[in-house]
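Single-structure report; data block below.
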Amino acid sequence: MDADAQGGCSLEMQAEGTGQTVGEGPGTWMCPQASPPTLPEEEHGERLVELHTSFRELVTFFCTNSTIHGTIRLVCSSQNRLKTASWGLLLAGALGVLYWQFALLFEQYWHYPVIMTVSVHSERKLFPSVTLCDMNPHRPHLARHHLRILDDFARENIYSLYRFNFSDSKDALGAEVPGPEPAFQLDRRIHLQRLRPLDGQNRVGFKLCNSTGGDCVQRAYSSGVVAAREWYRFHYINILALLPAAHEDSHGSHFVFSCRYDDRDCHARHFQTSHHPTYGSCYTFNGVWAAQRPGVTHRISLVLRAEQQDHLPLLSTKAGIKVMIHPQDHTPFLEHQGFSIRPGTETTIDIREDEVHRLGSPYGQCMDSTGSMDVQLLYNTSYTRQACLASCFQHLMVETCSCGYFFYPLPVGAEYCSYMRHPAWGHCFHRLYQKLKTHQLPCTTRCPRPCRESSYKLSAGTSRWPSSTSADWVLAVLGEPSRWNPWPPSASIKSWPLSLPSPSRACTEGPTGRSGAQPLSPAPCPRISLAKVNIFYQELNYRTVDETPVYSVSCLLGQGWERGGTSTWASAHHCLYLQVPQLLSAMGSLWSLWFGSSVLSVVEVLELLLDTMALALLLCCRWLRGSQGQPRAATRVPPPSQRPASRPVAAGTSNALGPSCLHLPRCCRDFSRSLS
């Protein structure tokens, strides 16, 4: 069969020096060339994608035409190897420092830092709640006998330490009321004594041991007054824990003489009464009036009684009124906040309000009003961190010690601690409370701060009230009942133990004798048994402190609109116009610092990377096809004795294609064509 017809190859032999073909001698193995396919018209012109023939050419083109500073120096100084190496090191060093700073930037970004933004607003505000306590913890009627035994035990302890005697007082003990009393046995093992703690100093206190007595907690104090008060308080709450829940006698009608707000009389419905074991009877003013104007003329003014009748002198050593100003629907924690007002004075308090708005996750931990809490609140008020900590501690107290602390509300089904029912509860309580103070309990993490919190800045001024010249008629008027006064006094001031002082006679406070026996509760002086309190807004302007993300793109997603109120508009306005994507801005600043380029320069780098990958892929494809086609072409060449004769190849055709007679894929042909 003819070789041409079969599409095979032929060997053409020519004699040296002649143009004749002979059977032997040097020759050329010829492959018939198929006519190239007719390409479409658009393939003969400029192609859509033009690739460089080598990586060197690609890098040279990039360095010559890039807008990144410094790259052109690699090309123009190619004849000077020292300069080329120097500029290469400079570019590599700048690139390394850039990405190092990028790493620091992203590390800071993933920590979600915030900045505090302060803004001032002015609008009408609701008057805050005001809680006032008379600091007169009285003796419950059902526990007067047990408290009398405790007073006798206190006299023994104080005499054994300080050799001091004090006599009984009718005002202190009062008349005993017949009726059933809870069974109680005073634990005389818990007594005042001198202790020597680890620091070697002599202190006064008492010990609380576990059920076996092998482990004891020393409650040691450098002040004997504090030690006696804490010791008496511990026995006192053990007695109160045995009383029924509704035992508290409120003598609030003895406490408030008058109340006016913005020249209007207050009513009983504006107050809530409560009793604190240490601070006595408390009144909380929850008026719903809005402060129309600032100033002392638009104030709440209260006249209060601060007497010390029916008093427990070892439980409270201060005379006066405890005051705390707090947001409405918040539980007042008087032992942690609040301030005292001296009797016989008029105290003027001006307030300014601040609001703090915190960001939630991932910028920090805060409790939203709509969020779920890990701790069940025991207070029927809004969420505060102090209320959450107290509730968390009470739950842990019930779980660990099998009873609850008397100063906090009880969970359902629990009972208060008393060493009549739980002999070692004091040791368990102080061990647990020490862990709370050192943040070893999970309460700190389970009780975050509220996302929206209000606080009040207070400033006060005092003056003597009533004055010595007006004391007679002021006390007389306040002591007479009036049909216009909604606060009926329990007793006329004329029935007080001491007569009203004359203006020419100074009122003495406390005992003046030097005898060894002192009264347990001295008779009160009329002037120091009254106090007047004025509370008003200094100005209606209030500050808001907002947490704002340092690197924020959440504003663009609408998260800046979640909070309500006027401050929301300010936060959203700030978010939209000032909170541009800070992360991209910081990255662009670093990129411009080290390379003096812009966003389009970054696009050029991306283009270089894409061209590099495309060139590497096509060169790899060509190399693979070439390595597969070369052995196959070699095996098809017959030995010289078996090479058939063939016609000469037409002039103008290539005779050195070798394995190129193999059919390549279209992509490789296009790539080879582009290279040529």
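Each chain of the structure tokens is named A, B, ... in the order shown, its residues numbered from 1; ligands are numbered from 1 in display order.
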Residues near Lys83 in chain A, anyone? I mean within 9 Å using only C-alpha atoms, not counting same-chain ones fewer than 5 positions away, as a PyMOL selection string. chain A and resi 73-74+77-78+88
Given only C-alpha atoms, how would the per-residue table for range 118-143 of chain A near range 225-243 of chain A read, listing every residue at most 9 Å away with its closest atom pair and distance in Å to one decimal, sorted by chain and number, as CSV?
residue,atom,partner,partner_atom,distance
A:Pro140,CA,A:Leu240,CA,8.5
A:Leu142,CA,A:Leu243,CA,7.4
A:Ala143,CA,A:Ile239,CA,7.2
Mind dumping the selected residues with N, CA and C atoms as a PDB file, in the first residue's frame?
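See selection.pdb below for the written result:
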ATOM      1  N   PRO A 140     -37.717  43.214 117.327  1.00  0.00           N
ATOM      2  CA  PRO A 140     -39.007  42.579 117.023  1.00  0.00           C
ATOM      3  C   PRO A 140     -39.677  42.095 118.303  1.00  0.00           C
ATOM      4  N   LEU A 142     -41.525  39.541 118.874  1.00  0.00           N
ATOM      5  CA  LEU A 142     -41.449  38.103 119.116  1.00  0.00           C
ATOM      6  C   LEU A 142     -40.066  37.645 119.560  1.00  0.00           C
ATOM      7  N   ALA A 143     -39.086  38.534 119.516  1.00  0.00           N
ATOM      8  CA  ALA A 143     -37.718  38.130 119.859  1.00  0.00           C
ATOM      9  C   ALA A 143     -37.128  38.982 120.972  1.00  0.00           C
TER      10      ALA A 143
END
Using only C-alpha atoms, which residues sit within 7 Å of Ala531 in chain A once same-chain residues fewer than 3 positions away are excluded, as an mmCIF file with N, CA, C and O atoms, in the first residue's frame?
data_model
loop_
_atom_site.group_PDB
_atom_site.id
_atom_site.type_symbol
_atom_site.label_atom_id
_atom_site.label_comp_id
_atom_site.auth_asym_id
_atom_site.auth_seq_id
_atom_site.Cartn_x
_atom_site.Cartn_y
_atom_site.Cartn_z
ATOM 1 N N VAL A 303 -39.053 66.019 105.559
ATOM 2 C CA VAL A 303 -38.682 66.220 106.954
ATOM 3 C C VAL A 303 -38.816 64.874 107.643
ATOM 4 O O VAL A 303 -39.892 64.250 107.628
ATOM 5 N N LEU A 304 -37.730 64.403 108.256
ATOM 6 C CA LEU A 304 -37.645 63.038 108.756
ATOM 7 C C LEU A 304 -37.267 63.032 110.228
ATOM 8 O O LEU A 304 -36.589 63.947 110.720
ATOM 9 N N ARG A 305 -37.685 62.008 110.909
ATOM 10 C CA ARG A 305 -37.328 61.806 112.310
ATOM 11 C C ARG A 305 -36.174 60.821 112.383
ATOM 12 O O ARG A 305 -36.195 59.757 111.761
ATOM 13 N N ALA A 306 -35.157 61.168 113.151
ATOM 14 C CA ALA A 306 -33.952 60.349 113.272
ATOM 15 C C ALA A 306 -33.658 60.038 114.723
ATOM 16 O O ALA A 306 -32.539 60.196 115.203
ATOM 17 N N PRO A 343 -28.217 64.029 111.778
ATOM 18 C CA PRO A 343 -29.425 64.635 112.363
ATOM 19 C C PRO A 343 -29.172 66.092 112.749
ATOM 20 O O PRO A 343 -28.035 66.515 113.001
ATOM 21 N N GLY A 344 -30.259 66.861 112.766
ATOM 22 C CA GLY A 344 -30.152 68.263 113.116
ATOM 23 C C GLY A 344 -29.615 69.131 112.005
ATOM 24 O O GLY A 344 -29.163 70.254 112.258
ATOM 25 N N THR A 345 -29.662 68.655 110.765
ATOM 26 C CA THR A 345 -29.152 69.419 109.631
ATOM 27 C C THR A 345 -30.159 69.378 108.491
ATOM 28 O O THR A 345 -31.016 68.495 108.422
ATOM 29 N N GLU A 346 -30.022 70.334 107.613
ATOM 30 C CA GLU A 346 -30.741 70.335 106.342
ATOM 31 C C GLU A 346 -29.727 70.053 105.243
ATOM 32 O O GLU A 346 -28.773 70.816 105.048
#
Do you know which residues are at most 8 Å from Gly280 in chain A counting only C-alpha atoms, after dropping those on the same chain fewer than 3 positions away, and could you put them as a JSON list (two decimals) with all heavy atoms, in the first residue's frame?
[["chain", "number", "residue", "atom", "x", "y", "z"],
["A", 133, "CYS", "N", -33.59, 55.36, 105.14],
["A", 133, "CYS", "CA", -33.72, 54.46, 106.29],
["A", 133, "CYS", "C", -33.34, 55.22, 107.55],
["A", 133, "CYS", "O", -32.43, 56.06, 107.54],
["A", 133, "CYS", "CB", -32.83, 53.23, 106.13],
["A", 133, "CYS", "SG", -33.22, 52.22, 104.68],
["A", 134, "ASP", "N", -34.02, 54.90, 108.65],
["A", 134, "ASP", "CA", -33.80, 55.64, 109.89],
["A", 134, "ASP", "C", -32.62, 55.15, 110.70],
["A", 134, "ASP", "O", -32.31, 55.70, 111.76],
["A", 134, "ASP", "CB", -35.06, 55.61, 110.76],
["A", 134, "ASP", "CG", -35.46, 54.18, 111.13],
["A", 134, "ASP", "OD1", -34.72, 53.23, 110.78],
["A", 134, "ASP", "OD2", -36.51, 54.02, 111.76],
["A", 135, "MET", "N", -31.92, 54.11, 110.23],
["A", 135, "MET", "CA", -30.74, 53.57, 110.91],
["A", 135, "MET", "C", -31.05, 53.22, 112.36],
["A", 135, "MET", "O", -30.22, 53.39, 113.26],
["A", 135, "MET", "CB", -29.56, 54.54, 110.82],
["A", 135, "MET", "CG", -29.12, 54.83, 109.39],
["A", 135, "MET", "SD", -27.75, 55.97, 109.26],
["A", 135, "MET", "CE", -26.44, 54.95, 109.94],
["A", 136, "ASN", "N", -32.25, 52.73, 112.59],
["A", 136, "ASN", "CA", -32.71, 52.38, 113.94],
["A", 136, "ASN", "C", -33.25, 50.95, 113.91],
["A", 136, "ASN", "O", -34.46, 50.73, 113.89],
["A", 136, "ASN", "CB", -33.79, 53.35, 114.39],
["A", 136, "ASN", "CG", -34.23, 53.08, 115.82],
["A", 136, "ASN", "OD1", -33.51, 52.46, 116.61],
["A", 136, "ASN", "ND2", -35.43, 53.51, 116.15],
["A", 137, "PRO", "N", -32.36, 49.95, 113.86],
["A", 137, "PRO", "CA", -32.85, 48.56, 113.86],
["A", 137, "PRO", "C", -33.54, 48.25, 115.19],
["A", 137, "PRO", "O", -32.92, 48.21, 116.25],
["A", 137, "PRO", "CB", -31.57, 47.73, 113.67],
["A", 137, "PRO", "CG", -30.48, 48.61, 114.15],
["A", 137, "PRO", "CD", -30.89, 50.02, 113.88],
["A", 138, "HIS", "N", -34.84, 48.06, 115.14],
["A", 138, "HIS", "CA", -35.61, 47.90, 116.36],
["A", 138, "HIS", "C", -35.69, 46.42, 116.76],
["A", 138, "HIS", "O", -35.26, 45.54, 116.01],
["A", 138, "HIS", "CB", -37.02, 48.47, 116.17],
["A", 138, "HIS", "CG", -37.77, 47.82, 115.05],
["A", 138, "HIS", "ND1", -37.54, 48.13, 113.72],
["A", 138, "HIS", "CD2", -38.72, 46.85, 115.05],
["A", 138, "HIS", "CE1", -38.33, 47.40, 112.95],
["A", 138, "HIS", "NE2", -39.06, 46.62, 113.73],
["A", 275, "HIS", "N", -38.14, 46.86, 105.57],
["A", 275, "HIS", "CA", -37.35, 46.83, 106.80],
["A", 275, "HIS", "C", -36.01, 46.17, 106.51],
["A", 275, "HIS", "O", -35.95, 45.09, 105.89],
["A", 275, "HIS", "CB", -38.07, 46.07, 107.91],
["A", 275, "HIS", "CG", -37.31, 46.06, 109.20],
["A", 275, "HIS", "ND1", -37.30, 47.12, 110.07],
["A", 275, "HIS", "CD2", -36.53, 45.10, 109.76],
["A", 275, "HIS", "CE1", -36.55, 46.84, 111.12],
["A", 275, "HIS", "NE2", -36.07, 45.61, 110.96],
["A", 276, "HIS", "N", -34.95, 46.82, 106.95],
["A", 276, "HIS", "CA", -33.60, 46.28, 106.79],
["A", 276, "HIS", "C", -33.09, 45.85, 108.16],
["A", 276, "HIS", "O", -33.26, 46.58, 109.14],
["A", 276, "HIS", "CB", -32.67, 47.34, 106.19],
["A", 276, "HIS", "CG", -31.38, 46.80, 105.70],
["A", 276, "HIS", "ND1", -30.31, 46.57, 106.53],
["A", 276, "HIS", "CD2", -30.98, 46.41, 104.46],
["A", 276, "HIS", "CE1", -29.30, 46.08, 105.82],
["A", 276, "HIS", "NE2", -29.68, 45.97, 104.57],
["A", 277, "PRO", "N", -32.48, 44.66, 108.26],
["A", 277, "PRO", "CA", -32.04, 44.20, 109.58],
["A", 277, "PRO", "C", -31.05, 45.12, 110.26],
["A", 277, "PRO", "O", -31.00, 45.18, 111.49],
["A", 277, "PRO", "CB", -31.40, 42.83, 109.27],
["A", 277, "PRO", "CG", -32.01, 42.40, 107.99],
["A", 277, "PRO", "CD", -32.27, 43.66, 107.21]]
Give me, as a VMD selection string, the residues of range 314-466 of chain A that a backbone DSSP run labels strand (DSSP E). chain A and resid 321 to 326 339 to 341 345 to 357 366 to 367 449 to 450 452 to 464
Select from range 394-482 of chain A every residue with an atom at most 12 Å from any atom of range 200-212 of chain A, then for each give the shortest pair of atoms and their distance in Å to one decimal, using only C-alpha atoms, rows by chain and rising number, as a Markdown table.
| residue | atom | partner | partner_atom | distance |
| --- | --- | --- | --- | --- |
| A:Cys401 | CA | A:Asn210 | CA | 11.1 |
| A:Tyr419 | CA | A:Ser211 | CA | 10.6 |
| A:His422 | CA | A:Ser211 | CA | 9.1 |
| A:Pro423 | CA | A:Ser211 | CA | 6.7 |
| A:Ala424 | CA | A:Asn210 | CA | 4.9 |
| A:Trp425 | CA | A:Asn210 | CA | 7.9 |
| A:Gly426 | CA | A:Leu208 | CA | 6.0 |
| A:His427 | CA | A:Leu208 | CA | 5.1 |
| A:Cys428 | CA | A:Asn210 | CA | 7.4 |
| A:Phe429 | CA | A:Leu208 | CA | 9.8 |
| A:His430 | CA | A:Leu208 | CA | 8.6 |
| A:Arg431 | CA | A:Leu208 | CA | 10.2 |
Could you check which of A:Phe536, A:His191, A:Thr445, A:His298 is closest to Met373 in chain A, using only C-alpha atoms?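 When distances to Met373 in chain A are compared using only C-alpha atoms, the smallest one comes from A:Thr445.
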Fewer than 2 positions away in the same chain doesn't count, so skip those; otherwise give me all residues within 8 Å of Arg124 in chain A, counting only C-alpha atoms, as a list in words.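 Once the nearby chain positions are removed, what remains is Ser122, Leu126, Ala290, Ala291, Gln292, Arg293 and Leu540 of chain A.
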Contacts of Gly338 in chain A at 10 Å or less, counting only C-alpha atoms, minus same-chain residues fewer than 3 places along, as JSON, numbers by chain? {"A": [131, 132, 322, 323, 324, 325, 326, 332, 333, 334, 335]}
Rounded to one decimal place, report the CA of Leu590 in chain A-CA of Val605 in chain A distance in Å.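 Calculated distance between CA of Leu590 in chain A and CA of Val605 in chain A is 16.2 Å.
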List the neighbours of Asp546 in chain A out to 9 Å using only C-alpha atoms; skip same-chain residues closer than 2 positions along the sequence, and give me the result as a list in words.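 Neighbouring residues, sequence-local ones excluded: Ile115, Met116, Thr117, Val118, Ser119, Glu355, Val356, His357, Arg358, Leu359, Thr544, Thr548, Ser567 and Ser571 of chain A.
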Report the distance between CA of Thr64 in chain A and CA of Cys620 in chain A in Å, rounded to one decimal place.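 A separation of 26.4 Å between them.
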A straight line from CA of Leu89 in chain A to CA of Glu607 in chain A spans 22.9 Å
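Here the question is which of A:Cys282, A:Tyr416, A:Gly287, A:Phe55 gets nearest to His267 in chain A using only C-alpha atoms, and that residue is A:Gly287.
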